[in-house]
file target_20.pdb (PDB, C-alpha atoms and all ligand atoms)
ATOM      1  CA  MET A   1      26.303  -5.777  -8.020
ATOM      2  CA  ASP A   2      24.229  -5.343 -11.121
ATOM      3  CA  SER A   3      21.297  -2.998 -11.206
ATOM      4  CA  SER A   4      18.704  -1.827 -13.661
ATOM      5  CA  GLY A   5      15.710   0.376 -12.905
ATOM      6  CA  SER A   6      14.334  -0.600  -9.538
ATOM      7  CA  THR A   7      15.995  -4.007  -9.268
ATOM      8  CA  GLN A   8      19.475  -4.918  -8.100
ATOM      9  CA  LYS A   9      21.238  -8.269  -7.942
ATOM     10  CA  LEU A  10      23.068  -9.281  -4.761
ATOM     11  CA  GLU A  11      24.329 -12.872  -4.836
ATOM     12  CA  ASN A  12      21.225 -14.967  -5.491
ATOM     13  CA  LEU A  13      19.005 -12.254  -4.069
ATOM     14  CA  LEU A  14      17.107  -9.766  -6.183
ATOM     15  CA  LEU A  15      16.543  -6.469  -4.406
ATOM     16  CA  VAL A  16      13.469  -4.510  -5.464
ATOM     17  CA  ALA A  17      12.922  -0.976  -4.207
ATOM     18  CA  VAL A  18       9.147  -0.654  -4.084
ATOM     19  CA  PRO A  19       8.254   2.872  -5.237
ATOM     20  CA  ARG A  20       6.842   5.147  -2.572
ATOM     21  CA  ASP A  21       3.770   5.896  -4.654
ATOM     22  CA  LEU A  22       2.753   2.847  -6.579
ATOM     23  CA  MET A  23       0.505   3.736  -9.515
ATOM     24  CA  ASP A  24      -1.830   1.449 -11.363
ATOM     25  CA  ASP A  25      -0.005   1.811 -14.675
ATOM     26  CA  GLU A  26       3.419   1.102 -13.137
ATOM     27  CA  VAL A  27       2.616  -2.213 -11.535
ATOM     28  CA  ILE A  28       2.616  -4.322 -14.694
ATOM     29  CA  GLU A  29       5.922  -2.906 -15.794
ATOM     30  CA  LEU A  30       7.548  -3.389 -12.401
ATOM     31  CA  ARG A  31       6.383  -7.005 -12.193
ATOM     32  CA  ARG A  32       7.705  -7.644 -15.688
ATOM     33  CA  GLU A  33      11.037  -6.136 -14.751
ATOM     34  CA  ILE A  34      11.214  -8.412 -11.704
ATOM     35  CA  LEU A  35      10.476 -11.549 -13.727
ATOM     36  CA  GLN A  36      13.068 -10.652 -16.352
ATOM     37  CA  ALA A  37      15.672  -9.947 -13.699
ATOM     38  CA  ILE A  38      15.002 -13.309 -12.007
ATOM     39  CA  ARG A  39      15.576 -15.045 -15.313
ATOM     40  CA  ARG A  40      18.684 -13.014 -16.123
ATOM     41  CA  HIS A  41      20.361 -13.533 -12.749
ATOM     42  CA  GLY A  42      18.882 -16.857 -11.714
ATOM     43  CA  SER A  43      17.738 -15.231  -8.472
ATOM     44  CA  GLN A  44      16.150 -17.524  -5.919
ATOM     45  CA  VAL A  45      14.848 -14.887  -3.558
ATOM     46  CA  VAL A  46      13.189 -11.571  -4.371
ATOM     47  CA  LEU A  47      13.319  -9.007  -1.590
ATOM     48  CA  LEU A  48      10.654  -6.310  -1.832
ATOM     49  CA  ASP A  49      12.046  -3.374   0.091
ATOM     50  CA  PHE A  50       9.276  -1.150   1.476
ATOM     51  CA  SER A  51      11.445   1.375   3.265
ATOM     52  CA  ARG A  52      10.384   4.215   0.946
ATOM     53  CA  VAL A  53       6.680   3.501   1.376
ATOM     54  CA  ASP A  54       4.851   5.571   3.979
ATOM     55  CA  ILE A  55       1.278   5.076   2.776
ATOM     56  CA  CYS A  56       0.562   1.414   2.128
ATOM     57  CA  ASP A  57      -3.015   0.797   1.005
ATOM     58  CA  SER A  58      -4.588  -2.452  -0.185
ATOM     59  CA  PHE A  59      -3.306  -1.755  -3.676
ATOM     60  CA  PHE A  60       0.207  -2.473  -2.379
ATOM     61  CA  GLY A  61      -1.165  -5.598  -0.725
ATOM     62  CA  ARG A  62      -2.495  -6.797  -4.024
ATOM     63  CA  PHE A  63       0.858  -6.007  -5.657
ATOM     64  CA  ILE A  64       2.714  -8.114  -3.076
ATOM     65  CA  TYR A  65       0.239 -10.960  -3.542
ATOM     66  CA  THR A  66       0.321 -11.084  -7.343
ATOM     67  CA  THR A  67       4.079 -10.615  -7.454
ATOM     68  CA  SER A  68       4.679 -13.461  -5.024
ATOM     69  CA  LYS A  69       2.431 -15.765  -7.051
ATOM     70  CA  MET A  70       4.273 -14.971 -10.284
ATOM     71  CA  VAL A  71       7.687 -15.307  -8.671
ATOM     72  CA  GLU A  72       6.640 -18.660  -7.210
ATOM     73  CA  LEU A  73       5.836 -19.897 -10.702
ATOM     74  CA  MET A  74       9.428 -19.152 -11.639
ATOM     75  CA  GLY A  75      10.701 -21.279  -8.782
ATOM     76  CA  ALA A  76      11.758 -18.335  -6.640
ATOM     77  CA  LYS A  77      10.365 -16.785  -3.489
ATOM     78  CA  VAL A  78       9.264 -13.301  -2.399
ATOM     79  CA  ILE A  79      10.172 -11.878   0.981
ATOM     80  CA  ILE A  80       9.534  -8.363   2.243
ATOM     81  CA  SER A  81      11.399  -5.993   4.474
ATOM     82  CA  GLY A  82      11.617  -2.359   5.489
ATOM     83  CA  LEU A  83       8.017  -1.749   6.563
ATOM     84  CA  GLN A  84       7.904   1.204   8.940
ATOM     85  CA  ASP A  85       6.259   0.605  12.316
ATOM     86  CA  VAL A  86       3.399   3.027  11.649
ATOM     87  CA  VAL A  87       2.824   1.430   8.269
ATOM     88  CA  ILE A  88       2.610  -2.026   9.849
ATOM     89  CA  GLU A  89       0.165  -0.729  12.440
ATOM     90  CA  THR A  90      -2.025   0.759   9.715
ATOM     91  CA  MET A  91      -1.872  -2.353   7.516
ATOM     92  CA  VAL A  92      -3.131  -4.482  10.371
ATOM     93  CA  GLU A  93      -5.976  -2.053  11.073
ATOM     94  CA  LEU A  94      -6.826  -2.045   7.395
ATOM     95  CA  GLY A  95      -7.157  -5.818   7.542
ATOM     96  CA  MET A  96      -4.243  -6.657   5.306
ATOM     97  CA  THR A  97      -2.625 -10.019   5.886
ATOM     98  CA  LEU A  98       0.098 -11.510   3.754
ATOM     99  CA  PRO A  99      -0.100 -15.259   4.045
ATOM    100  CA  ASP A 100       2.694 -17.094   2.261
ATOM    101  CA  VAL A 101       5.015 -14.084   2.282
ATOM    102  CA  ASP A 102       7.830 -14.066   4.823
ATOM    103  CA  ALA A 103       9.165 -10.857   6.236
ATOM    104  CA  VAL A 104      12.758 -10.257   7.259
ATOM    105  CA  LEU A 105      14.146  -7.558   9.483
ATOM    106  CA  ASP A 106      16.904  -6.317   7.202
ATOM    107  CA  LEU A 107      19.230  -7.075   4.321
ATOM    108  CA  ASP A 108      21.496  -9.246   6.473
ATOM    109  CA  ASP A 109      18.615 -11.548   7.332
ATOM    110  CA  ALA A 110      17.510 -11.599   3.706
ATOM    111  CA  LEU A 111      20.995 -12.620   2.613
ATOM    112  CA  ALA A 112      21.194 -15.290   5.284
ATOM    113  CA  LEU A 113      17.894 -16.724   4.089
ATOM    114  CA  SER A 114      18.844 -16.695   0.418
ATOM    115  CA  ARG A 115      22.250 -18.284   1.163
ATOM    116  CA  SER A 116      20.621 -21.084   3.086
ATOM    117  CA  LEU A 117      18.152 -21.626   0.244
ATOM    118  CA  SER A 118      20.973 -21.734  -2.259
ATOM    119  CA  ARG A 119      22.853 -24.291  -0.123
ATOM    120  CA  GLN A 120      19.745 -26.467  -0.064
ATOM    121  CA  TYR A 121      19.436 -26.098  -3.808
ATOM    122  CA  ASN A 122      23.066 -27.042  -4.468
ATOM    123  CA  HIS A 123      22.745 -29.956  -2.139
ATOM    124  CA  LEU A 124      19.727 -31.212  -4.078
ATOM    125  CA  ASN A 125      21.682 -30.991  -7.322
ATOM    126  CA  GLU A 126      24.689 -32.808  -5.878
ATOM    127  CA  THR A 127      22.562 -35.665  -4.661
ATOM    128  CA  ALA A 128      20.533 -35.942  -7.877
ATOM    129  CA  PRO A 129      20.626 -39.368  -9.550
ATOM    130  CA  PRO A 130      23.455 -39.751 -12.105
ATOM    131  CA  ASP A 131      21.147 -40.059 -15.133
ATOM    132  CA  GLY A 132      20.027 -36.438 -14.631
ATOM    133  CA  ASP A 133      23.194 -34.948 -16.111
ATOM    134  CA  ILE A 134      23.095 -31.341 -15.051
ATOM    135  CA  ALA A 135      26.659 -30.934 -13.859
ATOM    136  CA  ASP A 136      27.847 -28.600 -16.612
ATOM    137  CA  GLU A 137      24.759 -26.495 -16.785
ATOM    138  CA  GLU A 138      25.582 -22.799 -16.986
TER
ATOM    139  CA  MET B   1     -21.409  16.041  13.819
ATOM    140  CA  ALA B   2     -23.438  18.879  15.269
ATOM    141  CA  GLU B   3     -21.426  21.872  16.307
ATOM    142  CA  GLN B   4     -18.264  21.669  14.347
ATOM    143  CA  ILE B   5     -16.775  24.722  12.828
ATOM    144  CA  SER B   6     -13.841  25.135  10.556
ATOM    145  CA  ALA B   7     -10.575  25.209  12.445
ATOM    146  CA  GLY B   8      -9.504  28.360  10.667
ATOM    147  CA  LEU B   9      -8.509  26.572   7.503
ATOM    148  CA  PRO B  10     -10.536  26.841   4.306
ATOM    149  CA  PRO B  11     -11.781  23.612   2.718
ATOM    150  CA  VAL B  12      -9.603  22.236  -0.049
ATOM    151  CA  SER B  13     -10.891  20.155  -2.953
ATOM    152  CA  ILE B  14      -8.785  17.902  -5.127
ATOM    153  CA  ARG B  15     -10.125  16.554  -8.375
ATOM    154  CA  VAL B  16      -9.230  12.919  -8.831
ATOM    155  CA  SER B  17      -9.190  11.180 -12.198
ATOM    156  CA  ASP B  18      -6.077   9.032 -12.093
ATOM    157  CA  ASP B  19      -3.871   7.232  -9.601
ATOM    158  CA  ALA B  20      -1.418  10.130  -9.388
ATOM    159  CA  HIS B  21      -4.278  12.371  -8.212
ATOM    160  CA  ALA B  22      -5.302   9.746  -5.673
ATOM    161  CA  VAL B  23      -1.761   9.787  -4.276
ATOM    162  CA  LEU B  24      -1.857  13.585  -4.231
ATOM    163  CA  ALA B  25      -5.096  13.524  -2.237
ATOM    164  CA  ALA B  26      -3.565  11.073   0.257
ATOM    165  CA  GLN B  27      -0.501  13.285   0.612
ATOM    166  CA  HIS B  28      -2.682  16.323   1.169
ATOM    167  CA  GLY B  29      -4.562  14.439   3.888
ATOM    168  CA  ARG B  30      -1.301  13.579   5.592
ATOM    169  CA  ALA B  31      -0.032  17.149   5.399
ATOM    170  CA  LEU B  32      -3.267  18.519   6.871
ATOM    171  CA  ALA B  33      -3.234  15.930   9.663
ATOM    172  CA  ALA B  34       0.384  16.815  10.442
ATOM    173  CA  ARG B  35      -0.454  20.501  10.480
ATOM    174  CA  LEU B  36      -3.269  19.868  12.974
ATOM    175  CA  GLY B  37      -0.905  17.972  15.264
ATOM    176  CA  PHE B  38      -2.063  14.406  14.583
ATOM    177  CA  SER B  39       0.418  11.706  15.596
ATOM    178  CA  VAL B  40       2.315   9.930  12.821
ATOM    179  CA  VAL B  41       0.142   6.843  13.285
ATOM    180  CA  GLU B  42      -2.979   8.972  12.895
ATOM    181  CA  GLN B  43      -1.520  10.736   9.868
ATOM    182  CA  THR B  44      -0.767   7.372   8.314
ATOM    183  CA  ALA B  45      -4.265   6.067   9.088
ATOM    184  CA  CYS B  46      -5.918   9.138   7.530
ATOM    185  CA  SER B  47      -3.792   9.168   4.412
ATOM    186  CA  THR B  48      -4.205   5.421   3.891
ATOM    187  CA  ALA B  49      -8.009   5.667   4.183
ATOM    188  CA  ILE B  50      -8.000   8.571   1.740
ATOM    189  CA  LEU B  51      -5.833   6.649  -0.717
ATOM    190  CA  GLU B  52      -8.267   3.718  -0.589
ATOM    191  CA  ILE B  53     -11.299   5.883  -1.241
ATOM    192  CA  ALA B  54      -9.585   7.996  -3.901
ATOM    193  CA  ARG B  55      -8.319   4.932  -5.774
ATOM    194  CA  ASN B  56     -11.886   3.587  -5.690
ATOM    195  CA  ILE B  57     -13.099   6.768  -7.375
ATOM    196  CA  VAL B  58     -10.508   6.351 -10.130
ATOM    197  CA  LYS B  59     -11.110   2.649 -10.610
ATOM    198  CA  TYR B  60     -14.880   2.431 -10.334
ATOM    199  CA  ALA B  61     -16.167   5.918 -11.197
ATOM    200  CA  GLY B  62     -13.410   7.264 -13.423
ATOM    201  CA  ALA B  63     -13.334  10.659 -11.756
ATOM    202  CA  GLY B  64     -14.548  12.548  -8.722
ATOM    203  CA  GLU B  65     -13.548  14.960  -6.042
ATOM    204  CA  VAL B  66     -12.077  14.729  -2.548
ATOM    205  CA  THR B  67     -12.674  17.649  -0.173
ATOM    206  CA  PHE B  68     -10.792  18.237   3.068
ATOM    207  CA  GLN B  69     -12.006  20.284   5.976
ATOM    208  CA  ALA B  70     -10.381  20.869   9.344
ATOM    209  CA  VAL B  71     -12.973  20.929  12.121
ATOM    210  CA  GLU B  72     -13.132  21.858  15.785
ATOM    211  CA  ASP B  73     -15.584  20.795  18.424
ATOM    212  CA  GLY B  74     -14.751  22.355  21.753
ATOM    213  CA  GLU B  75     -11.419  20.839  22.721
ATOM    214  CA  GLN B  76     -11.318  18.460  19.811
ATOM    215  CA  VAL B  77      -9.637  18.973  16.460
ATOM    216  CA  GLY B  78     -10.330  16.749  13.503
ATOM    217  CA  ILE B  79     -10.435  16.221   9.777
ATOM    218  CA  VAL B  80     -13.486  15.619   7.642
ATOM    219  CA  VAL B  81     -12.957  14.086   4.221
ATOM    220  CA  VAL B  82     -15.739  14.037   1.660
ATOM    221  CA  ALA B  83     -15.179  11.962  -1.470
ATOM    222  CA  CYS B  84     -17.829  12.095  -4.160
ATOM    223  CA  ASP B  85     -18.270  10.914  -7.685
ATOM    224  CA  ASN B  86     -21.009  10.616 -10.294
ATOM    225  CA  GLY B  87     -20.030   7.106 -11.264
ATOM    226  CA  PRO B  88     -22.107   3.932 -11.480
ATOM    227  CA  GLY B  89     -22.783   3.796  -7.734
ATOM    228  CA  ILE B  90     -22.901   0.689  -5.563
ATOM    229  CA  ALA B  91     -25.931  -1.595  -5.713
ATOM    230  CA  ASP B  92     -25.479  -3.137  -2.265
ATOM    231  CA  VAL B  93     -23.486  -0.907   0.067
ATOM    232  CA  ASN B  94     -23.614  -3.362   2.975
ATOM    233  CA  LEU B  95     -22.077  -6.028   0.798
ATOM    234  CA  ALA B  96     -19.389  -3.623  -0.454
ATOM    235  CA  LEU B  97     -18.497  -2.857   3.165
ATOM    236  CA  GLN B  98     -17.653  -6.484   3.872
ATOM    237  CA  ASP B  99     -14.033  -7.573   4.066
ATOM    238  CA  GLY B 100     -12.959  -9.249   0.875
ATOM    239  CA  TYR B 101     -15.838  -8.147  -1.328
ATOM    240  CA  SER B 102     -14.606  -6.784  -4.656
ATOM    241  CA  THR B 103     -16.099  -6.510  -8.125
ATOM    242  CA  GLY B 104     -12.768  -5.361  -9.525
ATOM    243  CA  GLY B 105     -10.346  -8.116  -8.585
ATOM    244  CA  GLY B 106      -9.072  -6.136  -5.617
ATOM    245  CA  LEU B 107      -8.556  -7.311  -2.048
ATOM    246  CA  GLY B 108     -11.923  -5.853  -1.031
ATOM    247  CA  LEU B 109     -10.417  -4.048   1.943
ATOM    248  CA  GLY B 110     -10.751  -0.422   0.816
ATOM    249  CA  LEU B 111     -14.176   0.474   2.198
ATOM    250  CA  PRO B 112     -14.129  -1.710   5.344
ATOM    251  CA  GLY B 113     -10.495  -0.837   6.019
ATOM    252  CA  ALA B 114     -11.071   2.908   5.643
ATOM    253  CA  ARG B 115     -14.007   2.574   8.015
ATOM    254  CA  ARG B 116     -11.756   0.946  10.618
ATOM    255  CA  LEU B 117      -8.999   3.517  10.176
ATOM    256  CA  MET B 118     -11.266   6.531  10.662
ATOM    257  CA  ASP B 119     -13.471   7.500  13.625
ATOM    258  CA  SER B 120     -16.617   7.837  11.569
ATOM    259  CA  PHE B 121     -17.508   6.663   8.116
ATOM    260  CA  GLN B 122     -20.682   7.140   6.082
ATOM    261  CA  ILE B 123     -21.352   6.076   2.564
ATOM    262  CA  VAL B 124     -24.301   7.002   0.389
ATOM    263  CA  SER B 125     -24.611   5.502  -3.042
ATOM    264  CA  ARG B 126     -27.303   5.238  -5.668
ATOM    265  CA  PRO B 127     -26.908   3.038  -8.702
ATOM    266  CA  GLY B 128     -26.505   5.226 -11.750
ATOM    267  CA  GLN B 129     -25.996   8.383  -9.729
ATOM    268  CA  GLY B 130     -22.751   8.047  -7.878
ATOM    269  CA  THR B 131     -21.191   7.558  -4.493
ATOM    270  CA  THR B 132     -20.359   9.853  -1.604
ATOM    271  CA  VAL B 133     -18.145   8.856   1.305
ATOM    272  CA  VAL B 134     -17.897  11.113   4.358
ATOM    273  CA  MET B 135     -15.284  10.146   6.913
ATOM    274  CA  GLN B 136     -13.803  11.829   9.903
ATOM    275  CA  LYS B 137     -10.945  11.432  12.315
ATOM    276  CA  TRP B 138     -10.237  13.298  15.544
ATOM    277  CA  ARG B 139      -6.798  14.001  16.859
ATOM    278  CA  SER B 140      -6.505  11.583  19.769
ATOM    279  CA  ALA B 141      -4.496  13.555  22.286
ATOM    280  CA  ALA B 142      -2.226  16.506  22.711
ATOM    281  CA  PRO B 143      -0.949  17.898  19.453
ATOM    282  CA  VAL B 144       2.277  16.479  18.141
ATOM    283  CA  ARG B 145       4.767  19.091  16.987
ATOM    284  CA  GLU B 146       4.842  18.982  13.231
ATOM    285  CA  HIS B 147       8.610  18.888  12.724
ATOM    286  CA  ALA B 148       8.965  16.056  15.199
ATOM    287  CA  SER B 149       6.261  13.975  13.577
ATOM    288  CA  SER B 150       7.931  12.907  10.384
ATOM    289  CA  SER B 151      11.393  13.478   9.069
ATOM    290  CA  ARG B 152      10.139  12.340   5.695
ATOM    291  CA  GLY B 153       7.197  14.746   5.731
ATOM    292  CA  ARG B 154       5.461  15.480   2.516
ATOM    293  CA  PRO B 155       6.065  18.846   0.870
TER
HETATM  294  N1  LIG C   1     -16.666   5.040  -5.851
HETATM  295  C1  LIG C   1     -17.199   3.848  -6.171
HETATM  296  N2  LIG C   1     -18.082   3.734  -7.213
HETATM  297  C2  LIG C   1     -18.638   2.542  -7.525
HETATM  298  N3  LIG C   1     -18.379   1.386  -6.891
HETATM  299  C3  LIG C   1     -17.504   1.422  -5.848
HETATM  300  C4  LIG C   1     -16.879   2.642  -5.445
HETATM  301  N4  LIG C   1     -16.094   2.373  -4.376
HETATM  302  C5  LIG C   1     -16.212   1.052  -4.130
HETATM  303  N5  LIG C   1     -17.068   0.483  -5.020
HETATM  304  C6  LIG C   1     -17.507  -0.942  -5.029
HETATM  305  O1  LIG C   1     -17.278  -1.494  -3.743
HETATM  306  C7  LIG C   1     -16.428  -2.650  -3.852
HETATM  307  C8  LIG C   1     -15.525  -2.741  -2.641
HETATM  308  O2  LIG C   1     -14.581  -1.675  -2.632
HETATM  309  P1  LIG C   1     -13.245  -1.851  -1.800
HETATM  310  O3  LIG C   1     -13.608  -2.247  -0.417
HETATM  311  O4  LIG C   1     -12.433  -0.611  -1.953
HETATM  312  O5  LIG C   1     -12.512  -3.094  -2.470
HETATM  313  P2  LIG C   1     -11.763  -3.196  -3.900
HETATM  314  O6  LIG C   1     -11.452  -1.798  -4.350
HETATM  315  O7  LIG C   1     -10.554  -3.997  -3.610
HETATM  316  O8  LIG C   1     -12.716  -3.884  -4.808
HETATM  317  C9  LIG C   1     -15.697  -2.463  -5.166
HETATM  318  O9  LIG C   1     -15.256  -3.684  -5.696
HETATM  319  C10 LIG C   1     -16.765  -1.797  -6.025
HETATM  320  O10 LIG C   1     -17.670  -2.742  -6.519
HETATM  321 MG    MG C   2     -10.740  -0.278  -3.219
END

call {"tool": "encode", "arguments": {"input": "target_20.pdb", "output": "C-alpha cells"}}
result
Amino acid sequence: MDSSGSTQKLENLLLVAVPRDLMDDEVIELRREILQAIRRHGSQVVLLDFSRVDICDSFFGRFIYTTSKMVELMGAKVIISGLQDVVIETMVELGMTLPDVDAVLDLDDALALSRSLSRQYNHLNETAPPDGDIADEE
Amino acid sequence: MAEQISAGLPPVSIRVSDDAHAVLAAQHGRALAARLGFSVVEQTACSTAILEIARNIVKYAGAGEVTFQAVEDGEQVGIVVVACDNGPGIADVNLALQDGYSTGGGLGLGLPGARRLMDSFQIVSRPGQGTTVVMQKWRSAAPVREHASSSRGRP
C-alpha cells in the first residue's frame, strides 16, 4: 500500500479520507492530490471515505459533485462510503442528493466493485482488435 | 417566541470571517445542543444548519457574527441561533430560499436546507445593509445523556 497525504492506493482503488472539517481553501488542493494520485497509480475507482465527517453540509455535497466530475474525465469513478446514519438523515433533510455517485457499505464492497471493473477493463483490452497494439503498455 | 428565558446559560457570540470560524461555530452549536440533552440527530441537524449559515456569511458577506442562546419555555428546552452580517444583503429573499438557487456556484441548499433542519427560521435582509438569520430548534423529547450521545463528541 502506498500513501501520501490523504490518499492511499489499494489495488486499483484509491482511498481518500475526507477531512472532518472541509475548508474552502483545502478543497482545490485535495482534488488536485486525488487527480495526481489517479494518474500515478492508474486507479480506476476513487473511494471517498466519510467516516470522519460528522457535520456534512452542502459544501461537502458540492465537493463530492465536482470531484466525481473531474475523476470521470480521467476515466475513473467516484464512490462513497462511511457516512454515519445521523449524517445521512441530515443530508436527506437538507435536500442533498448525489445522482451519479454510488455508495458502498464498506471497504470490502468497494474492493469487490473495483475488482469487477478492472476485470471488465482487462477483458476489453484482450478483445481489442489486433491493430490496436497495446499489449506491452506499462 | 413569546415567553422564553435563558436556560441558565449566557449567550455566546462567535465572530466568523473564514471557513475555520464557520466550523468552530458549528461545533459550538453541537456542543450546546449536546449539553442541553438534544439527541445526536438533533445535534447534527443544528450544527449542519449553523455551518450552512456561517459559511454563507464568509462567502457572501466576508464577516459576521453568530450568537447562541439556550432558551426555555415551560417544559421545552431549545437553542436560538442568530447569525448577522453587514454584507451586501439579498435582493430577493424568497428566491434565495428556493432549493437550488445560488449566485455563488453552490448547490443552493444552504438557506432552504437550514430552514428544514430547524423548527423555525426567519431571515431579514436589506440590499446594502446586511442579512440576519434567526433560527431555533427545540429538544424533541426527554433529554439524552450527554456522554451517551456521541463518543466522538467535540471538545
Ligand atoms: N449572508 C448572506 N449575504 C448575502 N447573500 C447571501 C447570504 N446568504 C445567502 N445569500 C444569497 O442566497 C443564495 C442562496 O444561499 P444558499 O441557499 O446558502 O446557497 P449557496 O450558498 O449554495 O449559494 C446565495 O447564493 C446568495 O446569493
Ligand atoms: Mg450556502

call {"tool": "closest_residue", "arguments": {"input": "target_20.pdb", "among": "B:Gln136, B:Ile14, B:Glu75, B:Gln98", "to": "chain A", "atoms": "all atoms listed in the file"}}
result
B:Gln98

call {"tool": "closest_atom_pairs", "arguments": {"input": "target_20.pdb", "of": "chain B", "to": "chain A", "cutoff": "8 Å", "atoms": "all atoms listed in the file", "output": "CSV"}}
result
residue,atom,partner,partner_atom,distance
B:Asp19,CA,A:Met23,CA,5.6
B:Ala20,CA,A:Met23,CA,6.7
B:Val23,CA,A:Asp21,CA,6.8
B:Val40,CA,A:Val86,CA,7.1
B:Val41,CA,A:Val86,CA,5.3
B:Thr44,CA,A:Ile55,CA,6.3
B:Ala45,CA,A:Thr90,CA,5.8
B:Ser47,CA,A:Ile55,CA,6.7
B:Thr48,CA,A:Asp57,CA,5.6
B:Ala49,CA,A:Asp57,CA,7.7
B:Leu51,CA,A:Asp57,CA,6.7
B:Glu52,CA,A:Asp57,CA,6.2
B:Asp99,CA,A:Gly95,CA,7.9
B:Gly106,CA,A:Arg62,CA,6.8
B:Leu107,CA,A:Arg62,CA,6.4
B:Leu109,CA,A:Ser58,CA,6.4
B:Gly110,CA,A:Ser58,CA,6.6
B:Pro112,CA,A:Leu94,CA,7.6
B:Gly113,CA,A:Leu94,CA,4.1
B:Ala114,CA,A:Leu94,CA,6.8
B:Arg116,CA,A:Glu93,CA,6.5
B:Leu117,CA,A:Glu93,CA,6.4

call {"tool": "resolve_selection", "arguments": {"input": "target_20.pdb", "expression": "the PyMOL selection byres (((chain B and resi 78) around 9) and not hetatm)", "output": "PyMOL selection string"}}
result
chain B and resi 7+33+36+38+69-73+76-77+79-80+136-140

call {"tool": "resolve_selection", "arguments": {"input": "target_20.pdb", "expression": "the PyMOL selection byres (((chain B and resi 25) around 9) and not hetatm)", "output": "number ranges by chain"}}
result
B: 13-16, 20-24, 26-30, 47, 50-51, 54, 66-67

call {"tool": "closest_residue", "arguments": {"input": "target_20.pdb", "among": "A:Thr66, A:Met74, A:Glu33, A:Asp108", "to": "Leu10 (chain A)", "atoms": "only C-alpha atoms"}}
result
A:Asp108

call {"tool": "residues_around", "arguments": {"input": "target_20.pdb", "residues": "Val45 (chain A)", "least_positions_apart": "4", "cutoff": "6 Å", "atoms": "only C-alpha atoms", "output": "PDB file with C-alpha atoms, in the coordinates of the input"}}
result
ATOM      1  CA  LEU A  13      19.005 -12.254  -4.069  1.00  0.00           C
ATOM      2  CA  ALA A  76      11.758 -18.335  -6.640  1.00  0.00           C
ATOM      3  CA  LYS A  77      10.365 -16.785  -3.489  1.00  0.00           C
ATOM      4  CA  VAL A  78       9.264 -13.301  -2.399  1.00  0.00           C
ATOM      5  CA  SER A 114      18.844 -16.695   0.418  1.00  0.00           C
TER       6      SER A 114
END

call {"tool": "atom_distance", "arguments": {"input": "target_20.pdb", "atom1": "CA of Ser118 (chain A)", "atom2": "CA of Glu11 (chain A)"}}
result
9.8 Å
